[in-house]
Amino acid sequence: MARLARYYRVYPINIVRGRMQYVWDSNGNRYLDANTGHGVAFMGHSNPEIINAIKAQLDKIITVPLNMGNEARDEFISEFSRIIPQGFDAVFPQNTGTEAVETAIKIGKKWTRRKTIVAFTNSFHGRTMGSLSITWNENYRKAFQPLYPHVKFGVFNNVNEVDKLVDEDTCCVVVEPVQGEGGLNVATVDFLKALREAANRVNALLIFDEIQCGFGRTGYTWAFQHYGVEPDVFTAGKAIAGGLPIGLVVAKGELGDVFNPGEHGSTFAGNPVVMAAAAATVKVFMRDNVPSVVKETGSLLAKRLGELNSRVVNRVKGMGLMIGVELRTRAEPYVEALMKHGVLALTASVNVVRFLPPYMISHDDVDLIVNSLSEVLKGA
Ligand SMILES: *Cc1c(COP(=O)(O)O)cnc(C)c1O
C-alpha cells in the first residue's frame, strides 16, 4: 500500500467531523478550531446554508468548463459583486491561492510588458514557482533556486525606500495589507499610501494579496478598506467557498480583458459546486454582517490576550480575528500544548502563536482560548 507523501509535520490527531467553530477527533474529543486550516473554515465547519447549496448543486451538475456558461457561476459573480468596491469589474476564478497570485502576476506582466516584481520581507504568497519567487522565507525557497529572477524585496513598512524600489522596470508591487504566515504584521497607512503613489508614478500595478486578510477576517470586508488605499488588483481565497478549494483575482476595469484566449486558463476554475458554495458563503457573510461581528469579537480577544501575564509573551499582533501572540521563544511547542487543552491554533513566523478562529466564536470560546494559553504558558 502506498503512503501519504510526507511534506507536513502531522499532529497526532484524526479529525472526523466539524460543526461551526468546533471539530471532533476519532476519540470523541471536541476542539475549538482556531486553526481552521490556515483560515479556510472562517465561516464555520459544515455551515448549514453552505452545505445545502453544495448538495443542491450536486444534483444539477458537478463540472462545466470556463468556456461555457453556468448559472451557479453567474450567481456567484452576482453575489460577490455586492461585497467588492465599485470599479472592480472583473473576477477571475481560480482553484487555490497560489494560482490566484500567479494569475495576478501574469496580469501585471502582460499589462505593463515589464519584468520586475516588487515584494516585501516576511511576505507569503504561495508555493508554486511564481508565487514562491515573491515569498520571503528562505526555508521555503532555498531548495528550489533559481526562481523567477526579477524580484526586488523591500522592507515591509519602510516608507523611505519605496521611491527607489519602484521604478520604470516594475510591472507590479505585491503586498499583503496584513501579513499572515510572516507573523501577523500590519501594514501602516503611510506604507500602503506610498506604494499606491509609487505605482501610479511609474504606471505599475499595485496588487494586494488578501488571501488570508480578506473576506472579513480583519473586521473589514477587505483589509485595504481599513486604509482607504485601493489596489488595481487583489487576490482572495481561503474561506470564500466555505471550505472548498478556491482562489480569486479581482481586477479593475480593463484589466479584466488583458488576456487573449490561450494566454490563461484552468481546467477546474469556476467549478459549479465551488461556485454554488461560494455564492452561499457570500450570502451568509452579508446576512450575519461578518465584518462587524469580527470587529467586536476580535477586539475582545485582543484585549484579553493583551492582559496575559507571562514573561514569555512579547506582544499581541494582528487585526480583527487574525491575531497573534508573539513570544520570546519558539511558538510551536505551545501550539501543540494548546491542542491538549482543546484548542487548535497555528504558528506564524517562528515565534508567534496565531489564532484564525471562525467568525461566530462566542465569549465562552474567547475564554477557552485565553485560559488555555494562560495555562500552557505557565509551564514556560
Ligand atoms: C494561504 C495563502 C496563499 C496561498 O494559498 P493556497 O490556497 O495555499 O495556494 C497566498 N497568499 C497568502 C497571503 C496566503 O495566506
# chains A, B, ... in the order shown; residues from 1 in each chain; ligands from 1

call {"tool": "select_by_dssp", "arguments": {"residues": "segment 195-365 of chain A", "states": "alpha helix (DSSP H)", "output": "ChimeraX atom specification"}}
result
/A:195-202,272-287,290-306,332-340,363-365

call {"tool": "residues_near_ligand", "arguments": {"ligand": "ligand 1", "cutoff": "6 Å", "atoms": "only C-alpha atoms and all ligand atoms", "output": "number ranges by chain"}}
result
A: 96-98, 124-126, 180, 209-212

call {"tool": "write_last_selection", "arguments": {"atoms": "all heavy atoms", "output": "short mmCIF file (atom, residue, chain, number, x, y, z; two decimals), in the first residue's frame"}}
result
data_model
loop_
_atom_site.label_atom_id
_atom_site.label_comp_id
_atom_site.auth_asym_id
_atom_site.auth_seq_id
_atom_site.Cartn_x
_atom_site.Cartn_y
_atom_site.Cartn_z
N THR A 96 -6.93 27.82 -6.23
CA THR A 96 -6.15 27.95 -4.99
C THR A 96 -5.58 29.36 -4.91
O THR A 96 -5.61 30.12 -5.89
CB THR A 96 -4.94 26.99 -4.98
OG1 THR A 96 -4.06 27.33 -6.06
CG2 THR A 96 -5.36 25.53 -5.08
N GLY A 97 -5.06 29.68 -3.73
CA GLY A 97 -4.47 30.99 -3.53
C GLY A 97 -3.25 31.22 -4.40
O GLY A 97 -3.10 32.26 -5.04
N THR A 98 -2.38 30.22 -4.43
CA THR A 98 -1.14 30.41 -5.17
C THR A 98 -1.42 30.65 -6.66
O THR A 98 -0.76 31.46 -7.31
CB THR A 98 -0.16 29.25 -4.92
OG1 THR A 98 1.16 29.65 -5.32
CG2 THR A 98 -0.54 27.98 -5.65
N PHE A 124 4.25 36.16 2.33
CA PHE A 124 3.92 34.79 1.91
C PHE A 124 2.87 34.87 0.82
O PHE A 124 1.79 35.42 1.01
CB PHE A 124 3.37 33.94 3.07
CG PHE A 124 3.07 32.53 2.62
CD1 PHE A 124 4.07 31.58 2.54
CD2 PHE A 124 1.79 32.17 2.22
CE1 PHE A 124 3.80 30.29 2.08
CE2 PHE A 124 1.51 30.88 1.75
CZ PHE A 124 2.52 29.95 1.68
N HIS A 125 3.19 34.29 -0.35
CA HIS A 125 2.25 34.35 -1.47
C HIS A 125 1.96 32.99 -2.09
O HIS A 125 1.21 32.91 -3.05
CB HIS A 125 2.76 35.32 -2.53
CG HIS A 125 2.91 36.73 -2.02
ND1 HIS A 125 1.85 37.49 -1.63
CD2 HIS A 125 4.02 37.49 -1.81
CE1 HIS A 125 2.28 38.68 -1.21
NE2 HIS A 125 3.59 38.71 -1.30
N GLY A 126 2.57 31.93 -1.57
CA GLY A 126 2.23 30.60 -2.10
C GLY A 126 3.45 29.78 -2.46
O GLY A 126 4.59 30.22 -2.31
N GLY A 180 0.11 37.32 6.99
CA GLY A 180 -0.35 36.19 7.79
C GLY A 180 0.79 35.31 8.23
O GLY A 180 1.33 35.45 9.34
N ASP A 209 -2.46 41.12 -1.84
CA ASP A 209 -2.78 39.71 -1.59
C ASP A 209 -3.63 39.64 -0.34
O ASP A 209 -3.13 39.78 0.78
CB ASP A 209 -1.48 38.90 -1.45
CG ASP A 209 -1.76 37.40 -1.25
OD1 ASP A 209 -2.93 37.04 -1.00
OD2 ASP A 209 -0.80 36.61 -1.32
N GLU A 210 -4.94 39.46 -0.55
CA GLU A 210 -5.91 39.42 0.56
C GLU A 210 -6.38 37.99 0.81
O GLU A 210 -7.47 37.77 1.35
CB GLU A 210 -7.09 40.33 0.24
CG GLU A 210 -6.72 41.82 0.19
CD GLU A 210 -7.37 42.64 1.32
OE1 GLU A 210 -8.13 42.07 2.12
OE2 GLU A 210 -7.08 43.84 1.39
N ILE A 211 -5.57 37.02 0.41
CA ILE A 211 -5.99 35.62 0.54
C ILE A 211 -6.22 35.24 2.00
O ILE A 211 -7.14 34.52 2.32
CB ILE A 211 -4.97 34.69 -0.15
CG1 ILE A 211 -5.05 34.90 -1.67
CG2 ILE A 211 -5.21 33.22 0.21
CD1 ILE A 211 -3.91 34.30 -2.46
N GLN A 212 -5.38 35.78 2.89
CA GLN A 212 -5.59 35.49 4.31
C GLN A 212 -6.33 36.63 5.02
O GLN A 212 -7.22 36.39 5.84
CB GLN A 212 -4.25 35.22 5.01
CG GLN A 212 -4.44 34.66 6.41
CD GLN A 212 -3.22 33.94 6.95
OE1 GLN A 212 -2.94 33.98 8.12
NE2 GLN A 212 -2.47 33.27 6.10
#

call {"tool": "residues_around", "arguments": {"residues": "Pro48 of chain A", "least_positions_apart": "2", "cutoff": "10 Å", "atoms": "only C-alpha atoms", "output": "PDB file with all heavy atoms, in the first residue's frame"}}
result
ATOM      1  N   ARG A  19     -18.502  21.094  13.205  1.00  0.00           N
ATOM      2  CA  ARG A  19     -19.764  21.835  13.203  1.00  0.00           C
ATOM      3  C   ARG A  19     -19.446  23.251  13.655  1.00  0.00           C
ATOM      4  O   ARG A  19     -19.013  23.458  14.788  1.00  0.00           O
ATOM      5  CB  ARG A  19     -20.749  21.161  14.162  1.00  0.00           C
ATOM      6  CG  ARG A  19     -22.166  21.638  13.985  1.00  0.00           C
ATOM      7  CD  ARG A  19     -22.698  21.105  12.662  1.00  0.00           C
ATOM      8  NE  ARG A  19     -24.062  21.542  12.396  1.00  0.00           N
ATOM      9  CZ  ARG A  19     -24.685  21.348  11.233  1.00  0.00           C
ATOM     10  NH1 ARG A  19     -24.063  20.732  10.242  1.00  0.00           N
ATOM     11  NH2 ARG A  19     -25.910  21.757  11.066  1.00  0.00           N
ATOM     12  N   MET A  20     -19.616  24.197  12.764  1.00  0.00           N
ATOM     13  CA  MET A  20     -19.310  25.595  13.020  1.00  0.00           C
ATOM     14  C   MET A  20     -17.896  25.757  13.613  1.00  0.00           C
ATOM     15  O   MET A  20     -16.954  25.334  12.982  1.00  0.00           O
ATOM     16  CB  MET A  20     -20.396  26.248  13.890  1.00  0.00           C
ATOM     17  CG  MET A  20     -21.789  26.139  13.277  1.00  0.00           C
ATOM     18  SD  MET A  20     -21.874  26.651  11.532  1.00  0.00           S
ATOM     19  CE  MET A  20     -22.417  28.345  11.706  1.00  0.00           C
ATOM     20  N   GLY A  44     -17.111  28.711   9.566  1.00  0.00           N
ATOM     21  CA  GLY A  44     -17.544  27.562  10.348  1.00  0.00           C
ATOM     22  C   GLY A  44     -17.485  26.294   9.524  1.00  0.00           C
ATOM     23  O   GLY A  44     -17.462  26.331   8.293  1.00  0.00           O
ATOM     24  N   HIS A  45     -17.426  25.170  10.230  1.00  0.00           N
ATOM     25  CA  HIS A  45     -17.444  23.874   9.545  1.00  0.00           C
ATOM     26  C   HIS A  45     -18.885  23.496   9.260  1.00  0.00           C
ATOM     27  O   HIS A  45     -19.758  23.640  10.124  1.00  0.00           O
ATOM     28  CB  HIS A  45     -16.804  22.802  10.430  1.00  0.00           C
ATOM     29  CG  HIS A  45     -15.328  22.990  10.596  1.00  0.00           C
ATOM     30  ND1 HIS A  45     -14.411  22.523   9.689  1.00  0.00           N
ATOM     31  CD2 HIS A  45     -14.615  23.624  11.553  1.00  0.00           C
ATOM     32  CE1 HIS A  45     -13.187  22.839  10.090  1.00  0.00           C
ATOM     33  NE2 HIS A  45     -13.285  23.518  11.218  1.00  0.00           N
ATOM     34  N   SER A  46     -19.122  22.983   8.075  1.00  0.00           N
ATOM     35  CA  SER A  46     -20.453  22.496   7.703  1.00  0.00           C
ATOM     36  C   SER A  46     -21.551  23.502   8.036  1.00  0.00           C
ATOM     37  O   SER A  46     -22.606  23.133   8.539  1.00  0.00           O
ATOM     38  CB  SER A  46     -20.739  21.154   8.399  1.00  0.00           C
ATOM     39  OG  SER A  46     -19.754  20.229   8.038  1.00  0.00           O
ATOM     40  N   ILE A  50     -24.435  26.672   3.568  1.00  0.00           N
ATOM     41  CA  ILE A  50     -23.416  26.362   2.554  1.00  0.00           C
ATOM     42  C   ILE A  50     -23.529  24.895   2.142  1.00  0.00           C
ATOM     43  O   ILE A  50     -23.488  24.555   0.951  1.00  0.00           O
ATOM     44  CB  ILE A  50     -22.011  26.722   3.095  1.00  0.00           C
ATOM     45  CG1 ILE A  50     -21.969  28.226   3.453  1.00  0.00           C
ATOM     46  CG2 ILE A  50     -20.937  26.368   2.080  1.00  0.00           C
ATOM     47  CD1 ILE A  50     -20.745  28.674   4.225  1.00  0.00           C
ATOM     48  N   ILE A  51     -23.716  24.034   3.136  1.00  0.00           N
ATOM     49  CA  ILE A  51     -23.891  22.603   2.848  1.00  0.00           C
ATOM     50  C   ILE A  51     -25.099  22.374   1.935  1.00  0.00           C
ATOM     51  O   ILE A  51     -25.031  21.609   0.968  1.00  0.00           O
ATOM     52  CB  ILE A  51     -24.117  21.820   4.176  1.00  0.00           C
ATOM     53  CG1 ILE A  51     -22.862  21.867   5.025  1.00  0.00           C
ATOM     54  CG2 ILE A  51     -24.555  20.394   3.920  1.00  0.00           C
ATOM     55  CD1 ILE A  51     -21.734  21.098   4.449  1.00  0.00           C
ATOM     56  N   ASN A  52     -26.205  23.064   2.228  1.00  0.00           N
ATOM     57  CA  ASN A  52     -27.411  22.883   1.405  1.00  0.00           C
ATOM     58  C   ASN A  52     -27.175  23.322  -0.032  1.00  0.00           C
ATOM     59  O   ASN A  52     -27.644  22.668  -0.972  1.00  0.00           O
ATOM     60  CB  ASN A  52     -28.593  23.658   2.007  1.00  0.00           C
ATOM     61  CG  ASN A  52     -29.082  22.981   3.281  1.00  0.00           C
ATOM     62  OD1 ASN A  52     -28.830  21.791   3.500  1.00  0.00           O
ATOM     63  ND2 ASN A  52     -29.756  23.740   4.132  1.00  0.00           N
ATOM     64  N   ALA A  53     -26.444  24.422  -0.212  1.00  0.00           N
ATOM     65  CA  ALA A  53     -26.170  24.902  -1.569  1.00  0.00           C
ATOM     66  C   ALA A  53     -25.303  23.890  -2.325  1.00  0.00           C
ATOM     67  O   ALA A  53     -25.514  23.636  -3.511  1.00  0.00           O
ATOM     68  CB  ALA A  53     -25.485  26.266  -1.513  1.00  0.00           C
ATOM     69  N   ILE A  54     -24.337  23.304  -1.628  1.00  0.00           N
ATOM     70  CA  ILE A  54     -23.474  22.298  -2.266  1.00  0.00           C
ATOM     71  C   ILE A  54     -24.304  21.082  -2.672  1.00  0.00           C
ATOM     72  O   ILE A  54     -24.213  20.593  -3.805  1.00  0.00           O
ATOM     73  CB  ILE A  54     -22.318  21.875  -1.322  1.00  0.00           C
ATOM     74  CG1 ILE A  54     -21.366  23.059  -1.077  1.00  0.00           C
ATOM     75  CG2 ILE A  54     -21.565  20.670  -1.879  1.00  0.00           C
ATOM     76  CD1 ILE A  54     -20.308  22.810  -0.008  1.00  0.00           C
ATOM     77  N   ALA A 280     -23.324  30.866  -1.727  1.00  0.00           N
ATOM     78  CA  ALA A 280     -23.991  30.713  -0.429  1.00  0.00           C
ATOM     79  C   ALA A 280     -23.149  31.324   0.687  1.00  0.00           C
ATOM     80  O   ALA A 280     -23.674  31.937   1.625  1.00  0.00           O
ATOM     81  CB  ALA A 280     -24.251  29.232  -0.154  1.00  0.00           C
ATOM     82  N   VAL A 284     -24.283  34.234   3.403  1.00  0.00           N
ATOM     83  CA  VAL A 284     -24.172  34.121   4.864  1.00  0.00           C
ATOM     84  C   VAL A 284     -23.329  35.273   5.409  1.00  0.00           C
ATOM     85  O   VAL A 284     -23.650  35.882   6.440  1.00  0.00           O
ATOM     86  CB  VAL A 284     -23.552  32.757   5.267  1.00  0.00           C
ATOM     87  CG1 VAL A 284     -23.261  32.710   6.762  1.00  0.00           C
ATOM     88  CG2 VAL A 284     -24.469  31.606   4.858  1.00  0.00           C
TER      89      VAL A 284
END

call {"tool": "atom_distance", "arguments": {"atom1": "atom CA of Val350 of chain A", "atom2": "atom CA of Pro149 of chain A"}}
result
26.6 Å

call {"tool": "residues_around", "arguments": {"residues": "Ser299 of chain A", "least_positions_apart": "2", "cutoff": "10 Å", "atoms": "only C-alpha atoms", "output": "MDAnalysis selection string"}}
result
chainID A and resid 219 294:297 301:305 319:321 323

call {"tool": "residues_around", "arguments": {"residues": "Val151 of chain A", "least_positions_apart": "4", "cutoff": "6 Å", "atoms": "only C-alpha atoms", "output": "JSON, numbers by chain"}}
result
{"A": [116, 117, 118]}

call {"tool": "write_last_selection", "arguments": {"atoms": "N, CA and C atoms", "output": "compact mmCIF listing (two decimals), in the first residue's frame"}}
result
# COMPACT_ATOMS: atom_id res chain seq x y z
N THR A 116 10.06 43.37 -13.66
CA THR A 116 10.40 43.31 -12.23
C THR A 116 9.17 43.32 -11.33
N ILE A 117 9.19 42.41 -10.37
CA ILE A 117 8.12 42.36 -9.37
C ILE A 117 8.72 42.85 -8.05
N VAL A 118 8.01 43.75 -7.38
CA VAL A 118 8.44 44.22 -6.07
C VAL A 118 7.60 43.50 -5.01

call {"tool": "atom_distance", "arguments": {"atom1": "atom CA of Val186 of chain A", "atom2": "atom CA of Asn137 of chain A"}}
result
17.5 Å

call {"tool": "select_by_dssp", "arguments": {"residues": "segment 108-339 of chain A", "states": "strand (DSSP E)", "output": "PDB file with N, CA and C atoms, in the first residue's frame"}}
result
ATOM      1  N   THR A 116      10.059  43.365 -13.657  1.00  0.00           N
ATOM      2  CA  THR A 116      10.401  43.308 -12.233  1.00  0.00           C
ATOM      3  C   THR A 116       9.168  43.323 -11.330  1.00  0.00           C
ATOM      4  N   ILE A 117       9.185  42.412 -10.374  1.00  0.00           N
ATOM      5  CA  ILE A 117       8.118  42.365  -9.366  1.00  0.00           C
ATOM      6  C   ILE A 117       8.715  42.852  -8.049  1.00  0.00           C
ATOM      7  N   VAL A 118       8.012  43.752  -7.384  1.00  0.00           N
ATOM      8  CA  VAL A 118       8.439  44.221  -6.068  1.00  0.00           C
ATOM      9  C   VAL A 118       7.603  43.505  -5.007  1.00  0.00           C
ATOM     10  N   ALA A 119       8.281  42.902  -4.039  1.00  0.00           N
ATOM     11  CA  ALA A 119       7.608  42.224  -2.922  1.00  0.00           C
ATOM     12  C   ALA A 119       8.329  42.635  -1.632  1.00  0.00           C
ATOM     13  N   PHE A 120       7.955  42.038  -0.502  1.00  0.00           N
ATOM     14  CA  PHE A 120       8.463  42.555   0.775  1.00  0.00           C
ATOM     15  C   PHE A 120       8.921  41.480   1.745  1.00  0.00           C
ATOM     16  N   VAL A 151      12.993  39.829  -9.092  1.00  0.00           N
ATOM     17  CA  VAL A 151      12.195  40.200  -7.926  1.00  0.00           C
ATOM     18  C   VAL A 151      13.043  41.085  -7.022  1.00  0.00           C
ATOM     19  N   LYS A 152      12.472  42.205  -6.600  1.00  0.00           N
ATOM     20  CA  LYS A 152      13.153  43.058  -5.614  1.00  0.00           C
ATOM     21  C   LYS A 152      12.340  43.042  -4.327  1.00  0.00           C
ATOM     22  N   PHE A 153      13.020  42.666  -3.228  1.00  0.00           N
ATOM     23  CA  PHE A 153      12.341  42.684  -1.936  1.00  0.00           C
ATOM     24  C   PHE A 153      12.639  43.991  -1.209  1.00  0.00           C
ATOM     25  N   GLY A 154      11.610  44.691  -0.827  1.00  0.00           N
ATOM     26  CA  GLY A 154      11.763  45.854   0.033  1.00  0.00           C
ATOM     27  C   GLY A 154      11.456  45.459   1.472  1.00  0.00           C
ATOM     28  N   THR A 170       9.374  48.164 -13.074  1.00  0.00           N
ATOM     29  CA  THR A 170       8.437  47.448 -12.200  1.00  0.00           C
ATOM     30  C   THR A 170       7.127  47.150 -12.925  1.00  0.00           C
ATOM     31  N   CYS A 171       6.766  45.872 -12.991  1.00  0.00           N
ATOM     32  CA  CYS A 171       5.445  45.551 -13.549  1.00  0.00           C
ATOM     33  C   CYS A 171       4.405  45.598 -12.456  1.00  0.00           C
ATOM     34  N   CYS A 172       4.748  45.076 -11.283  1.00  0.00           N
ATOM     35  CA  CYS A 172       3.763  45.118 -10.204  1.00  0.00           C
ATOM     36  C   CYS A 172       4.425  45.094  -8.838  1.00  0.00           C
ATOM     37  N   VAL A 173       3.685  45.624  -7.880  1.00  0.00           N
ATOM     38  CA  VAL A 173       4.082  45.634  -6.473  1.00  0.00           C
ATOM     39  C   VAL A 173       3.068  44.749  -5.765  1.00  0.00           C
ATOM     40  N   VAL A 174       3.560  43.705  -5.096  1.00  0.00           N
ATOM     41  CA  VAL A 174       2.646  42.751  -4.456  1.00  0.00           C
ATOM     42  C   VAL A 174       2.848  42.789  -2.948  1.00  0.00           C
ATOM     43  N   VAL A 175       1.755  42.992  -2.211  1.00  0.00           N
ATOM     44  CA  VAL A 175       1.884  43.105  -0.754  1.00  0.00           C
ATOM     45  C   VAL A 175       0.613  42.610  -0.061  1.00  0.00           C
ATOM     46  N   LEU A 205       1.304  48.083 -11.641  1.00  0.00           N
ATOM     47  CA  LEU A 205       0.086  47.673 -10.929  1.00  0.00           C
ATOM     48  C   LEU A 205       0.386  47.458  -9.452  1.00  0.00           C
ATOM     49  N   LEU A 206      -0.549  47.892  -8.618  1.00  0.00           N
ATOM     50  CA  LEU A 206      -0.472  47.594  -7.188  1.00  0.00           C
ATOM     51  C   LEU A 206      -1.413  46.416  -6.924  1.00  0.00           C
ATOM     52  N   ILE A 207      -0.825  45.334  -6.402  1.00  0.00           N
ATOM     53  CA  ILE A 207      -1.587  44.103  -6.156  1.00  0.00           C
ATOM     54  C   ILE A 207      -1.603  43.813  -4.660  1.00  0.00           C
ATOM     55  N   PHE A 208      -2.777  43.723  -4.079  1.00  0.00           N
ATOM     56  CA  PHE A 208      -2.881  43.333  -2.668  1.00  0.00           C
ATOM     57  C   PHE A 208      -3.237  41.857  -2.598  1.00  0.00           C
ATOM     58  N   ASP A 209      -2.461  41.115  -1.838  1.00  0.00           N
ATOM     59  CA  ASP A 209      -2.776  39.707  -1.595  1.00  0.00           C
ATOM     60  C   ASP A 209      -3.631  39.643  -0.336  1.00  0.00           C
ATOM     61  N   VAL A 233      -5.487  45.434  -8.444  1.00  0.00           N
ATOM     62  CA  VAL A 233      -5.836  44.015  -8.480  1.00  0.00           C
ATOM     63  C   VAL A 233      -5.730  43.493  -7.054  1.00  0.00           C
ATOM     64  N   PHE A 234      -6.650  42.636  -6.645  1.00  0.00           N
ATOM     65  CA  PHE A 234      -6.409  41.923  -5.386  1.00  0.00           C
ATOM     66  C   PHE A 234      -6.764  40.448  -5.520  1.00  0.00           C
ATOM     67  N   THR A 235      -6.128  39.658  -4.678  1.00  0.00           N
ATOM     68  CA  THR A 235      -6.383  38.221  -4.671  1.00  0.00           C
ATOM     69  C   THR A 235      -7.165  37.866  -3.420  1.00  0.00           C
ATOM     70  N   ALA A 236      -7.939  36.804  -3.506  1.00  0.00           N
ATOM     71  CA  ALA A 236      -8.697  36.324  -2.362  1.00  0.00           C
ATOM     72  C   ALA A 236      -8.732  34.810  -2.435  1.00  0.00           C
ATOM     73  N   GLY A 237      -9.141  34.176  -1.352  1.00  0.00           N
ATOM     74  CA  GLY A 237      -9.187  32.716  -1.368  1.00  0.00           C
ATOM     75  C   GLY A 237      -9.624  32.190  -0.018  1.00  0.00           C
ATOM     76  N   GLY A 247      -9.553  30.172  -5.318  1.00  0.00           N
ATOM     77  CA  GLY A 247      -8.689  31.346  -5.349  1.00  0.00           C
ATOM     78  C   GLY A 247      -9.366  32.307  -6.294  1.00  0.00           C
ATOM     79  N   LEU A 248      -9.258  33.591  -6.036  1.00  0.00           N
ATOM     80  CA  LEU A 248      -9.892  34.576  -6.908  1.00  0.00           C
ATOM     81  C   LEU A 248      -8.925  35.706  -7.176  1.00  0.00           C
ATOM     82  N   VAL A 249      -9.009  36.256  -8.390  1.00  0.00           N
ATOM     83  CA  VAL A 249      -8.345  37.524  -8.675  1.00  0.00           C
ATOM     84  C   VAL A 249      -9.445  38.520  -9.024  1.00  0.00           C
ATOM     85  N   VAL A 250      -9.376  39.676  -8.416  1.00  0.00           N
ATOM     86  CA  VAL A 250     -10.367  40.713  -8.665  1.00  0.00           C
ATOM     87  C   VAL A 250      -9.610  41.908  -9.224  1.00  0.00           C
ATOM     88  N   ALA A 251     -10.075  42.427 -10.373  1.00  0.00           N
ATOM     89  CA  ALA A 251      -9.289  43.448 -11.057  1.00  0.00           C
ATOM     90  C   ALA A 251     -10.165  44.596 -11.531  1.00  0.00           C
ATOM     91  N   VAL A 313       5.605  36.254  26.916  1.00  0.00           N
ATOM     92  CA  VAL A 313       4.804  36.994  25.929  1.00  0.00           C
ATOM     93  C   VAL A 313       5.449  38.346  25.645  1.00  0.00           C
ATOM     94  N   ASN A 314       5.660  38.602  24.368  1.00  0.00           N
ATOM     95  CA  ASN A 314       6.235  39.886  23.973  1.00  0.00           C
ATOM     96  C   ASN A 314       5.134  40.908  23.694  1.00  0.00           C
ATOM     97  N   ARG A 315       4.213  40.559  22.767  1.00  0.00           N
ATOM     98  CA  ARG A 315       3.103  41.466  22.448  1.00  0.00           C
ATOM     99  C   ARG A 315       2.042  40.732  21.639  1.00  0.00           C
ATOM    100  N   VAL A 316       0.887  41.379  21.527  1.00  0.00           N
ATOM    101  CA  VAL A 316      -0.206  40.855  20.721  1.00  0.00           C
ATOM    102  C   VAL A 316      -0.217  41.600  19.393  1.00  0.00           C
ATOM    103  N   LYS A 317      -0.359  40.857  18.279  1.00  0.00           N
ATOM    104  CA  LYS A 317      -0.287  41.465  16.946  1.00  0.00           C
ATOM    105  C   LYS A 317      -1.497  41.086  16.116  1.00  0.00           C
ATOM    106  N   GLY A 318      -1.716  41.823  15.039  1.00  0.00           N
ATOM    107  CA  GLY A 318      -2.750  41.445  14.083  1.00  0.00           C
ATOM    108  C   GLY A 318      -3.931  42.390  14.095  1.00  0.00           C
ATOM    109  N   MET A 319      -5.025  41.939  13.504  1.00  0.00           N
ATOM    110  CA  MET A 319      -6.210  42.777  13.328  1.00  0.00           C
ATOM    111  C   MET A 319      -7.436  41.877  13.245  1.00  0.00           C
ATOM    112  N   MET A 322      -7.602  37.881  13.255  1.00  0.00           N
ATOM    113  CA  MET A 322      -6.334  37.419  12.685  1.00  0.00           C
ATOM    114  C   MET A 322      -5.299  37.883  13.703  1.00  0.00           C
ATOM    115  N   ILE A 323      -5.197  37.108  14.790  1.00  0.00           N
ATOM    116  CA  ILE A 323      -4.480  37.592  15.971  1.00  0.00           C
ATOM    117  C   ILE A 323      -3.310  36.679  16.311  1.00  0.00           C
ATOM    118  N   GLY A 324      -2.198  37.294  16.684  1.00  0.00           N
ATOM    119  CA  GLY A 324      -1.044  36.520  17.089  1.00  0.00           C
ATOM    120  C   GLY A 324      -0.519  36.983  18.437  1.00  0.00           C
ATOM    121  N   VAL A 325       0.002  36.018  19.187  1.00  0.00           N
ATOM    122  CA  VAL A 325       0.695  36.350  20.422  1.00  0.00           C
ATOM    123  C   VAL A 325       2.168  36.058  20.174  1.00  0.00           C
ATOM    124  N   GLU A 326       2.946  37.132  20.113  1.00  0.00           N
ATOM    125  CA  GLU A 326       4.373  36.976  19.840  1.00  0.00           C
ATOM    126  C   GLU A 326       5.094  36.616  21.129  1.00  0.00           C
ATOM    127  N   LEU A 327       5.837  35.506  21.069  1.00  0.00           N
ATOM    128  CA  LEU A 327       6.555  35.024  22.245  1.00  0.00           C
ATOM    129  C   LEU A 327       8.037  35.368  22.150  1.00  0.00           C
TER     130      LEU A 327
END

call {"tool": "closest_residue", "arguments": {"among": "A:Leu184, A:Leu308, A:Ala277, A:Leu255", "to": "Ser349 of chain A", "atoms": "only C-alpha atoms"}}
result
A:Leu184

call {"tool": "closest_residue", "arguments": {"among": "A:Ala337, A:Leu165, A:Ala348, A:Ala269", "to": "Leu373 of chain A", "atoms": "only C-alpha atoms"}}
result
A:Ala337

call {"tool": "residues_around", "arguments": {"residues": "Lys378 of chain A", "least_positions_apart": "6", "cutoff": "12 Å", "atoms": "only C-alpha atoms", "output": "PyMOL selection string"}}
result
chain A and resi 308-313+334+337+371-372

call {"tool": "write_last_selection", "arguments": {"atoms": "N, CA and C atoms", "output": "short mmCIF file (atom, residue, chain, number, x, y, z; two decimals), in the first residue's frame"}}
result
data_model
loop_
_atom_site.label_atom_id
_atom_site.label_comp_id
_atom_site.auth_asym_id
_atom_site.auth_seq_id
_atom_site.Cartn_x
_atom_site.Cartn_y
_atom_site.Cartn_z
N LEU A 308 -2.67 38.89 29.30
CA LEU A 308 -1.95 37.70 29.75
C LEU A 308 -0.69 38.13 30.49
N ASN A 309 -0.49 37.47 31.63
CA ASN A 309 0.63 37.86 32.45
C ASN A 309 1.69 36.75 32.37
N SER A 310 2.62 36.90 31.42
CA SER A 310 3.63 35.86 31.26
C SER A 310 4.92 36.48 30.78
N ARG A 311 6.01 36.01 31.31
CA ARG A 311 7.29 36.61 30.92
C ARG A 311 7.71 36.21 29.51
N VAL A 312 7.10 35.16 28.93
CA VAL A 312 7.48 34.80 27.55
C VAL A 312 6.67 35.56 26.49
N VAL A 313 5.61 36.25 26.92
CA VAL A 313 4.80 36.99 25.93
C VAL A 313 5.45 38.35 25.65
N TYR A 334 3.96 25.48 22.11
CA TYR A 334 2.75 25.99 22.76
C TYR A 334 1.51 25.67 21.94
N ALA A 337 0.80 22.18 22.81
CA ALA A 337 0.24 22.07 24.16
C ALA A 337 -1.23 22.54 24.18
N ASN A 371 -7.77 31.30 28.49
CA ASN A 371 -7.43 30.48 29.66
C ASN A 371 -6.48 29.34 29.30
N SER A 372 -6.69 28.73 28.13
CA SER A 372 -5.82 27.63 27.72
C SER A 372 -4.41 28.14 27.46
#

call {"tool": "closest_residue", "arguments": {"among": "A:Asn289, A:Glu102, A:Tyr7, A:Trp111", "to": "Tyr140 of chain A", "atoms": "only C-alpha atoms"}}
result
A:Tyr7

call {"tool": "closest_residue", "arguments": {"among": "A:Arg9, A:Lys60, A:Lys252, A:Lys164", "to": "Pro85 of chain A", "atoms": "only C-alpha atoms"}}
result
A:Lys252

call {"tool": "atom_distance", "arguments": {"atom1": "atom CA of Asn14 of chain A", "atom2": "atom CA of Ser26 of chain A"}}
result
5.7 Å
